[in-house]
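Scroll down for the structure; my scribbles are underneath it.
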Amino acid sequence: MNMKTEQIELAHGSGGRLMHELIGRLFHRHFSNSYLDVLGDAAVLPEQRGRLAFTTDSYVIRPIFFPGGDIGKLAVCGTVNDLSMVGAQPLYLSTGFILEEGLSFSDLERIVLSMAETANSAGVKIVAGDTKVVERGSADKIFINTSGVGWIREDVHLSSRKVRPGDRILVSGSIGDHGMAVLSKREGLEFSTFLESDCAPLNGLVHTLLGRHHGIRVMRDPTRGGLATTLIELAQESNLGFEIHETSIPVHEGVRAACELLGLDPFYVANEGKLIAIVSAEEADSLLATLRVHPLGKEASLIGRVVESHPKRVVLRTILGVTRMMEMLVAEQLPRIC
Amino acid sequence: MRFIDEFRNAHLAYALVAQIKRQVHRPIRLMEFCGGHTHAILRFGIRKLLPAEVEMLSGPGCPVCVTSSTDLDRAIALSRIPGVILTTFGDMVRVRGTQGTLQSERVRGADVRIVYSPLDALKLAEKHPHRPVIFLGVGFETTAPGVAASVLEAEAKGLKNYFVFSLHKLTPPATQAILNAGEVRLSGILGPGHVTTVIGTDAWEFLASQYGVPIAVAGFEPLDILRAISMLADQIGKGRARVDNAYSRSVLPQGNHTALTIMNRVFEVSDAEWRGLGILTRSGLRLREMYAPFDASKAFQIAVSSSGEPPGCRCGEVLRGLLIPTECSLFRRVCNPENPVGPCMVSSEGACSAYLQFGDNEHEDRTD
Amino acid sequence: MCLAIPVLIQEIEGAEAVVEIGGVKRKISLALTPETKVGQYVLIHAGYAIGVLDEEEAQETLKLLEEMAAYADGTEDSKELNPA
């Protein structure tokens, strides 16, 4: 294959020489590790004792490059974080690509490099993969699926069923950054901002937290649907009520401004590098301290507590000191004009 | 954020609430005309701060909510014309006509695009010179001048493929209709701050002189709303009726002359159908004859039969202040954002949607 | 009704302006407020500035409210002022 090829063609997915060259020169080159390099039909992994966690996610984000990241980085972080949220140490990832005919080779390489870099910094290995190419129009540039397996330490048991009245609710940092950074680039809603996606692998942070704090009941990352949706899900699962203080939820000024401009509520905007942790009251302060010392938790905040009243509902104490409910949105927020 | 955060100061908000409590001695009923006010009042929890004597009713000031089913059907018919790019503000895409929604049309292959501004639609028209780009003009006097300006710009650029489908409406006639109907006894009206930025407080004088109803024009931050309520309480207490301006940083007696001129240059007043209020004379805007080349209703032949409300839908009563959303038997159980029956539930400015999103009558913790 | 946001005019080019709020910038049209100058605040709605903000009036309003609150602070209403 001519590595100066500018675009992905159908032949790159057909199983023939072009595909092998693409895989070798691009995927294997950048993802290289001892499992992948064996080149078998499946990765053969070492024996593990203990519980494993397994997850999968597909990424179809637009635009594929945004301030602070790209679809590749997102694909690695998303799966790494899902594993981390159940208390698993992420070990191995697979990646499946569906490429649209006509995708520029340099874009693809940029994404693959980003994935490799992210996987490296997260300490995970990409050990299996697949590539398909579909006709122009059958996919929107690139879709990525990542699946991941992780290992859970014996003494770690996180579950929303462990949540108790009196527990405290913490968030690891500012919310709404990812969603607004992505929107800032989307056609038709362009505004120049310095907002960056918070996309980041959280496994290092989680490892630190779980190593030090045994009072953590459950963790969840507030991705699609934002902080509010995730809190409501947790309240429903735990069958308890949550009381949240609006003034303690960290939101960057730029995110607030962008939300005001578009009539969006930052509490429902996606995050890709934050976590919610519910912890026993006794450990709340020390957990907060641990978070704040970590680079990914510098703006961590205690945002509320678990209560017995209004089970399954999340009540927000507004900036005026009175309460109102937080409800699930049905579908994605639409920019509001009137 | 300047001019926003200062007007969300909790301490000053409580002071205003305390003042309102001193001013109100008997039950008063205020209509917040604007969907934006309903939204803000619920979002910040202002309802809970107010003394029980103050009853707030929401009105017909939600341009999406008052778009009739027939007009929605017309918009859908336009979207089905081959080659058309139908551009619209976000909220409109989930409102149901008899044929479904613009969202469902998009799923079926219509080119329906959400835009932030008519200028985005203009850009699309320039980008696709061989395709008609129709902008769905929904909104009151806050929005109409901008849409008018976009028509003038299209004219100046010699664009032949930019069209506006005007469903614009005027707010004073709707307010009049509510008062004329006499269905609700209102002590006062919380006036729309951004509409009035355009039309000016003078446009509301008729409320005081013809109807003896006090109005306080309010902005949308908590202090703006509370200040306006306090001004109304003061007027009501003294038996006065005049136009108060609680949004003086933005609203003038004469409004925005340039905006009004541009609006009146492109649009003329016509009758319009308001969901829940019926056809109100001289309450809508249509493009003037000389701008016919930009008028989607003239450029495209669409035949749509008149339709009524979905069975059981009581949006009309909500819009007229006769019903609080929670009093509608369809609320939440049958009619909810997932499955909206009427537009009050679809639009984020609709009273029903706001009540569902923020309001909760089971959870009381008033401060008094 | 209708969402309109106060923003600062940073640059003007013909009938267009670059506006800023909270560090976020956007391009909007000044067709409805042609007399606007750089450094002024305007309310924007659907891509257009619909009115100029009177900063002095805003300060006046806030001052009035602060005076009222200070007066109330000194009376028996003060216990109402911080329910949270």
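Identifiers for the structure tokens are assigned positionally: chains receive A, B, ... in sequence, residues are indexed from 1 per chain, and ligands are indexed from 1 in the order shown.
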
Could you pull the residues within 10 Å of region 45-49 of chain A, counting only C-alpha atoms, minus those fewer than 5 positions along the same chain, as a PDB file with N, CA and C atoms, in the first residue's frame?
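Okay, selection.pdb is ready:
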```pdb
ATOM      1  N   TYR A  35       0.783  -8.971  23.699  1.00  0.00           N
ATOM      2  CA  TYR A  35      -0.393  -9.793  23.378  1.00  0.00           C
ATOM      3  C   TYR A  35      -0.824  -9.559  21.939  1.00  0.00           C
ATOM      4  N   TYR A  92      -7.196  -4.854  29.837  1.00  0.00           N
ATOM      5  CA  TYR A  92      -7.121  -5.072  28.398  1.00  0.00           C
ATOM      6  C   TYR A  92      -8.322  -4.496  27.684  1.00  0.00           C
ATOM      7  N   VAL A 127      -5.388  -5.142  23.036  1.00  0.00           N
ATOM      8  CA  VAL A 127      -4.891  -6.459  22.663  1.00  0.00           C
ATOM      9  C   VAL A 127      -5.645  -7.119  21.525  1.00  0.00           C
ATOM     10  N   GLY A 150     -11.362  -5.860  33.219  1.00  0.00           N
ATOM     11  CA  GLY A 150     -10.566  -5.393  34.348  1.00  0.00           C
ATOM     12  C   GLY A 150     -10.682  -6.359  35.502  1.00  0.00           C
ATOM     13  N   TRP A 151      -9.824  -6.162  36.453  1.00  0.00           N
ATOM     14  CA  TRP A 151      -9.773  -7.071  37.600  1.00  0.00           C
ATOM     15  C   TRP A 151     -10.136  -6.330  38.865  1.00  0.00           C
ATOM     16  N   ILE A 152     -10.997  -6.943  39.673  1.00  0.00           N
ATOM     17  CA  ILE A 152     -11.441  -6.297  40.905  1.00  0.00           C
ATOM     18  C   ILE A 152     -10.750  -6.919  42.106  1.00  0.00           C
ATOM     19  N   ARG A 153     -10.134  -6.088  42.889  1.00  0.00           N
ATOM     20  CA  ARG A 153      -9.459  -6.549  44.102  1.00  0.00           C
ATOM     21  C   ARG A 153     -10.476  -7.186  45.031  1.00  0.00           C
ATOM     22  N   GLU A 154     -10.030  -8.171  45.762  1.00  0.00           N
ATOM     23  CA  GLU A 154     -10.958  -8.982  46.557  1.00  0.00           C
ATOM     24  C   GLU A 154     -11.806  -8.178  47.533  1.00  0.00           C
TER      25      GLU A 154
END
```

Write down as number ranges by chain the residues belonging to chain C that are assigned alpha helix (DSSP H) by DSSP computed on the backbone.
C: 55-73

What lies within 8 Å of Thr101 (chain B) using only C-alpha atoms, ignoring chain neighbours under 6 positions off, as a list in words?
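Residues meeting the cut-off are Leu72, Ile76, Val93, Arg94 and Val95 of chain B.
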
Please dump the current selection as a PDB file, in the first residue's frame; keep N, CA and C atoms.
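Final file, out22.pdb:
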```
ATOM      1  N   LEU B  72     -48.600  23.634  12.691  1.00  0.00           N
ATOM      2  CA  LEU B  72     -47.570  22.594  12.765  1.00  0.00           C
ATOM      3  C   LEU B  72     -47.665  21.691  11.539  1.00  0.00           C
ATOM      4  N   ILE B  76     -44.906  20.839   8.686  1.00  0.00           N
ATOM      5  CA  ILE B  76     -44.539  19.486   8.296  1.00  0.00           C
ATOM      6  C   ILE B  76     -44.716  19.292   6.799  1.00  0.00           C
ATOM      7  N   VAL B  93     -39.175  21.085  17.217  1.00  0.00           N
ATOM      8  CA  VAL B  93     -39.085  19.791  16.536  1.00  0.00           C
ATOM      9  C   VAL B  93     -39.874  18.679  17.215  1.00  0.00           C
ATOM     10  N   ARG B  94     -40.219  18.872  18.480  1.00  0.00           N
ATOM     11  CA  ARG B  94     -40.937  17.775  19.151  1.00  0.00           C
ATOM     12  C   ARG B  94     -42.413  18.062  19.339  1.00  0.00           C
ATOM     13  N   VAL B  95     -42.864  19.213  18.821  1.00  0.00           N
ATOM     14  CA  VAL B  95     -44.288  19.518  18.986  1.00  0.00           C
ATOM     15  C   VAL B  95     -45.092  18.707  17.991  1.00  0.00           C
TER      16      VAL B  95
END
```

Nearest to chain A: which of B:Val84, B:Val195, B:Ala181, B:Ala259 is it, counting only C-alpha atoms?
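Among the listed residues, the smallest separation from chain A belongs to B:Val195.
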
Find the residues around Ala125 (chain B) up to 10 Å (only C-alpha atoms counted), leave out those fewer than 4 positions away in its own chain, and share them as a short mmCIF file (atom, residue, chain, number, x, y, z; two decimals) with N, CA and C atoms, in the first residue's frame.
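As a result, around-v2.cif now contains:
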```cif
data_model
loop_
_atom_site.label_atom_id
_atom_site.label_comp_id
_atom_site.auth_asym_id
_atom_site.auth_seq_id
_atom_site.Cartn_x
_atom_site.Cartn_y
_atom_site.Cartn_z
N ILE B 85 -34.89 22.47 2.65
CA ILE B 85 -34.23 22.40 3.95
C ILE B 85 -35.09 23.23 4.90
N LEU B 119 -30.06 33.78 10.89
CA LEU B 119 -28.82 34.00 10.13
C LEU B 119 -28.18 32.67 9.75
N ASP B 120 -28.36 31.66 10.59
CA ASP B 120 -27.84 30.33 10.24
C ASP B 120 -28.58 29.80 9.01
N ALA B 121 -29.88 30.07 8.98
CA ALA B 121 -30.67 29.62 7.82
C ALA B 121 -30.22 30.36 6.56
N PRO B 129 -27.45 27.02 -2.99
CA PRO B 129 -28.26 27.94 -3.80
C PRO B 129 -29.36 27.25 -4.61
N HIS B 130 -29.26 25.93 -4.77
CA HIS B 130 -30.28 25.27 -5.59
C HIS B 130 -31.35 24.59 -4.76
N ARG B 131 -31.29 24.83 -3.45
CA ARG B 131 -32.31 24.22 -2.61
C ARG B 131 -33.04 25.30 -1.83
N PRO B 132 -34.35 25.20 -1.73
CA PRO B 132 -35.08 26.19 -0.94
C PRO B 132 -34.80 25.98 0.55
N VAL B 133 -34.47 27.06 1.22
CA VAL B 133 -34.25 26.99 2.66
C VAL B 133 -35.38 27.77 3.32
N ILE B 134 -36.18 27.08 4.10
CA ILE B 134 -37.33 27.72 4.75
C ILE B 134 -37.04 27.85 6.23
N ALA B 154 -31.35 38.93 3.07
CA ALA B 154 -31.50 38.04 1.91
C ALA B 154 -31.79 38.85 0.65
N LEU B 159 -30.63 36.79 -2.70
CA LEU B 159 -30.91 35.36 -2.55
C LEU B 159 -32.31 35.04 -3.04
N LYS B 160 -32.40 33.96 -3.81
CA LYS B 160 -33.72 33.57 -4.33
C LYS B 160 -34.27 32.34 -3.63
N ASN B 161 -33.48 31.79 -2.70
CA ASN B 161 -33.91 30.52 -2.12
C ASN B 161 -34.09 30.59 -0.60
N TYR B 162 -34.25 31.78 -0.07
CA TYR B 162 -34.47 31.93 1.37
C TYR B 162 -35.93 32.32 1.61
N PHE B 163 -36.60 31.57 2.47
CA PHE B 163 -38.01 31.83 2.74
C PHE B 163 -38.28 31.80 4.23
#
```

Compute the chain A side of the contact with chain C at 10 Å, counting only C-alpha atoms, and hand it back as a count of residues only.
29

So that I can see what lies close to Glu6 (chain B), please list as a list in words the residues with an atom at most 10 Å from it, counting only C-alpha atoms and leaving out residues fewer than 2 positions away in the same chain.
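Non-adjacent residues within range: Met1, Arg2, Phe3, Ile4, Arg8, Asn9, Ala10, Leu12, Glu221, Pro222 and Leu223 of chain B; Ala58, Gln59 and Leu62 of chain C.
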
Near-region 277-284 of chain B list (7 Å; only C-alpha atoms; drop same-chain fewer than 4 positions) as an MDAnalysis selection string
chainID B and resid 168:170 173 269:273 316

Would you compute the distance between CA of Lys157 (chain B) and CA of Leu78 (chain B)? Give it in Å to one decimal.
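The value is 23.9 Å.
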
Counting only C-alpha atoms, collect the residues of chain B whose closest atom lies at most 8 Å from chain C, and write them out as a ChimeraX atom specification.
/B:1-4,6-7,11-12,14-16,18,34-37,61-62,116-119,139,142-143,145-146,149,192-195,197-198,248-250,256,258-259,262,367

d(CA of Ile23 (chain A), CA of Thr131 (chain A)) in Å:
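Here the two named atoms are 8.2 Å from each other.
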
With only C-alpha atoms as the counted atoms, please give the residues lying no more than 8 Å from Ile12 (chain C), apart from itself and same-chain residues fewer than 5 positions off, as a ChimeraX atom specification.
/C:17-18,37-38

Taking only C-alpha atoms into account, find every residue of chain B that has an atom no more than 8 Å from chain A, and write it out as an mmCIF file with N, CA and C atoms, in the first residue's frame.
```cif
data_model
loop_
_atom_site.group_PDB
_atom_site.id
_atom_site.type_symbol
_atom_site.label_atom_id
_atom_site.label_comp_id
_atom_site.auth_asym_id
_atom_site.auth_seq_id
_atom_site.Cartn_x
_atom_site.Cartn_y
_atom_site.Cartn_z
ATOM 1 N N MET B 1 -20.904 36.178 35.723
ATOM 2 C CA MET B 1 -21.366 36.765 34.462
ATOM 3 C C MET B 1 -22.087 38.064 34.794
ATOM 4 N N ARG B 8 -28.868 37.562 40.941
ATOM 5 C CA ARG B 8 -29.231 36.285 41.562
ATOM 6 C C ARG B 8 -28.835 36.276 43.026
ATOM 7 N N ASN B 9 -28.518 37.440 43.561
ATOM 8 C CA ASN B 9 -28.045 37.549 44.938
ATOM 9 C C ASN B 9 -29.113 37.090 45.931
ATOM 10 N N ALA B 10 -28.792 36.051 46.690
ATOM 11 C CA ALA B 10 -29.793 35.467 47.584
ATOM 12 C C ALA B 10 -30.215 36.428 48.690
ATOM 13 N N ALA B 13 -32.564 38.812 47.432
ATOM 14 C CA ALA B 13 -33.820 38.124 47.113
ATOM 15 C C ALA B 13 -34.684 37.986 48.374
ATOM 16 N N GLY B 35 -43.478 32.312 29.239
ATOM 17 C CA GLY B 35 -42.968 30.990 29.591
ATOM 18 C C GLY B 35 -41.622 31.067 30.265
ATOM 19 N N GLY B 36 -40.823 32.036 29.870
ATOM 20 C CA GLY B 36 -39.503 32.212 30.468
ATOM 21 C C GLY B 36 -39.599 32.534 31.952
ATOM 22 N N LEU B 42 -39.727 28.555 38.624
ATOM 23 C CA LEU B 42 -39.621 27.189 39.124
ATOM 24 C C LEU B 42 -38.177 26.769 39.295
ATOM 25 N N ARG B 43 -37.335 27.162 38.360
ATOM 26 C CA ARG B 43 -35.936 26.739 38.410
ATOM 27 C C ARG B 43 -35.240 27.232 39.678
ATOM 28 N N PHE B 44 -35.504 28.496 40.054
ATOM 29 C CA PHE B 44 -34.833 29.043 41.227
ATOM 30 C C PHE B 44 -35.593 28.757 42.520
ATOM 31 N N GLY B 45 -36.797 28.258 42.375
ATOM 32 C CA GLY B 45 -37.579 27.963 43.576
ATOM 33 C C GLY B 45 -38.285 29.195 44.127
ATOM 34 N N ILE B 46 -38.521 30.182 43.282
ATOM 35 C CA ILE B 46 -39.118 31.431 43.748
ATOM 36 C C ILE B 46 -40.527 31.208 44.281
ATOM 37 N N LYS B 48 -41.578 28.942 46.028
ATOM 38 C CA LYS B 48 -41.543 28.525 47.430
ATOM 39 C C LYS B 48 -41.221 29.673 48.367
ATOM 40 N N LEU B 49 -40.551 30.693 47.831
ATOM 41 C CA LEU B 49 -40.180 31.821 48.683
ATOM 42 C C LEU B 49 -41.354 32.760 48.906
ATOM 43 N N CYS B 62 -45.675 31.456 25.534
ATOM 44 C CA CYS B 62 -44.724 30.445 25.107
ATOM 45 C C CYS B 62 -44.998 30.248 23.633
ATOM 46 N N PRO B 63 -44.172 30.832 22.781
ATOM 47 C CA PRO B 63 -44.489 30.839 21.345
ATOM 48 C C PRO B 63 -44.640 29.446 20.748
ATOM 49 N N VAL B 64 -43.915 28.500 21.292
ATOM 50 C CA VAL B 64 -44.056 27.127 20.813
ATOM 51 C C VAL B 64 -45.411 26.577 21.231
ATOM 52 N N PHE B 89 -36.070 26.638 15.205
ATOM 53 C CA PHE B 89 -35.521 26.648 16.553
ATOM 54 C C PHE B 89 -35.762 25.269 17.169
ATOM 55 N N GLY B 90 -34.904 24.944 18.149
ATOM 56 C CA GLY B 90 -34.933 23.591 18.707
ATOM 57 C C GLY B 90 -36.266 23.087 19.227
ATOM 58 N N ASP B 91 -36.914 23.897 20.030
ATOM 59 C CA ASP B 91 -38.141 23.442 20.684
ATOM 60 C C ASP B 91 -39.239 22.975 19.755
ATOM 61 N N VAL B 115 -31.565 25.387 14.124
ATOM 62 C CA VAL B 115 -30.660 26.529 14.053
ATOM 63 C C VAL B 115 -30.851 27.407 15.275
ATOM 64 N N TYR B 116 -29.859 28.187 15.530
ATOM 65 C CA TYR B 116 -29.895 29.104 16.664
ATOM 66 C C TYR B 116 -30.459 30.447 16.241
ATOM 67 N N ASP B 120 -28.360 31.656 10.587
ATOM 68 C CA ASP B 120 -27.844 30.329 10.238
ATOM 69 C C ASP B 120 -28.577 29.798 9.015
ATOM 70 N N GLY B 139 -42.145 32.825 17.370
ATOM 71 C CA GLY B 139 -41.647 33.748 18.386
ATOM 72 C C GLY B 139 -42.452 35.024 18.379
ATOM 73 N N PRO B 337 -42.833 14.388 29.037
ATOM 74 C CA PRO B 337 -41.888 14.721 27.963
ATOM 75 C C PRO B 337 -41.632 13.563 27.003
ATOM 76 N N GLU B 338 -41.744 12.347 27.509
ATOM 77 C CA GLU B 338 -41.520 11.179 26.664
ATOM 78 C C GLU B 338 -42.639 11.033 25.654
ATOM 79 N N SER B 348 -39.686 23.656 26.479
ATOM 80 C CA SER B 348 -39.082 23.816 27.805
ATOM 81 C C SER B 348 -39.581 25.082 28.476
ATOM 82 N N GLU B 349 -40.288 25.927 27.723
ATOM 83 C CA GLU B 349 -40.896 27.107 28.331
ATOM 84 C C GLU B 349 -42.357 26.853 28.656
ATOM 85 N N LEU B 356 -43.075 19.840 35.527
ATOM 86 C CA LEU B 356 -42.569 18.478 35.631
ATOM 87 C C LEU B 356 -41.082 18.496 35.948
ATOM 88 N N GLN B 357 -40.410 19.415 35.328
ATOM 89 C CA GLN B 357 -38.957 19.469 35.470
ATOM 90 C C GLN B 357 -38.530 19.972 36.845
ATOM 91 N N PHE B 358 -39.244 20.962 37.343
ATOM 92 C CA PHE B 358 -38.791 21.620 38.561
ATOM 93 C C PHE B 358 -39.772 21.577 39.714
ATOM 94 N N GLY B 359 -41.040 21.528 39.388
ATOM 95 C CA GLY B 359 -42.031 21.710 40.441
ATOM 96 C C GLY B 359 -42.358 20.407 41.115
ATOM 97 N N ASP B 360 -42.670 20.468 42.362
ATOM 98 C CA ASP B 360 -43.076 19.254 43.054
ATOM 99 C C ASP B 360 -43.948 19.643 44.219
ATOM 100 N N HIS B 363 -43.304 18.139 47.887
ATOM 101 C CA HIS B 363 -42.153 18.468 48.718
ATOM 102 C C HIS B 363 -42.231 19.912 49.167
ATOM 103 N N ASP B 365 -41.352 23.074 51.539
ATOM 104 C CA ASP B 365 -40.601 23.647 52.657
ATOM 105 C C ASP B 365 -40.586 25.160 52.513
ATOM 106 N N ARG B 366 -41.757 25.728 52.606
ATOM 107 C CA ARG B 366 -41.856 27.175 52.543
ATOM 108 C C ARG B 366 -41.079 27.801 53.693
#
```

Hey, which of B:Leu86, B:Met290, B:Ala177, B:Val341 ends up closest to Glu309 (chain B)? Count only C-alpha atoms.
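Using only C-alpha atoms, the shortest distance to Glu309 (chain B) belongs to B:Val341.
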
According to DSSP computed on the backbone, where in region 204-257 of chain A is there strand (DSSP E or B)? Give the residues as a list of chain:residue names.
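Filtering region 204-257 of chain A to strand (DSSP E or B) leaves A:Ile216, A:Arg217, A:Val218, A:Met219, A:Arg220, A:Gly241, A:Phe242, A:Glu243, A:Ile244, A:His245.
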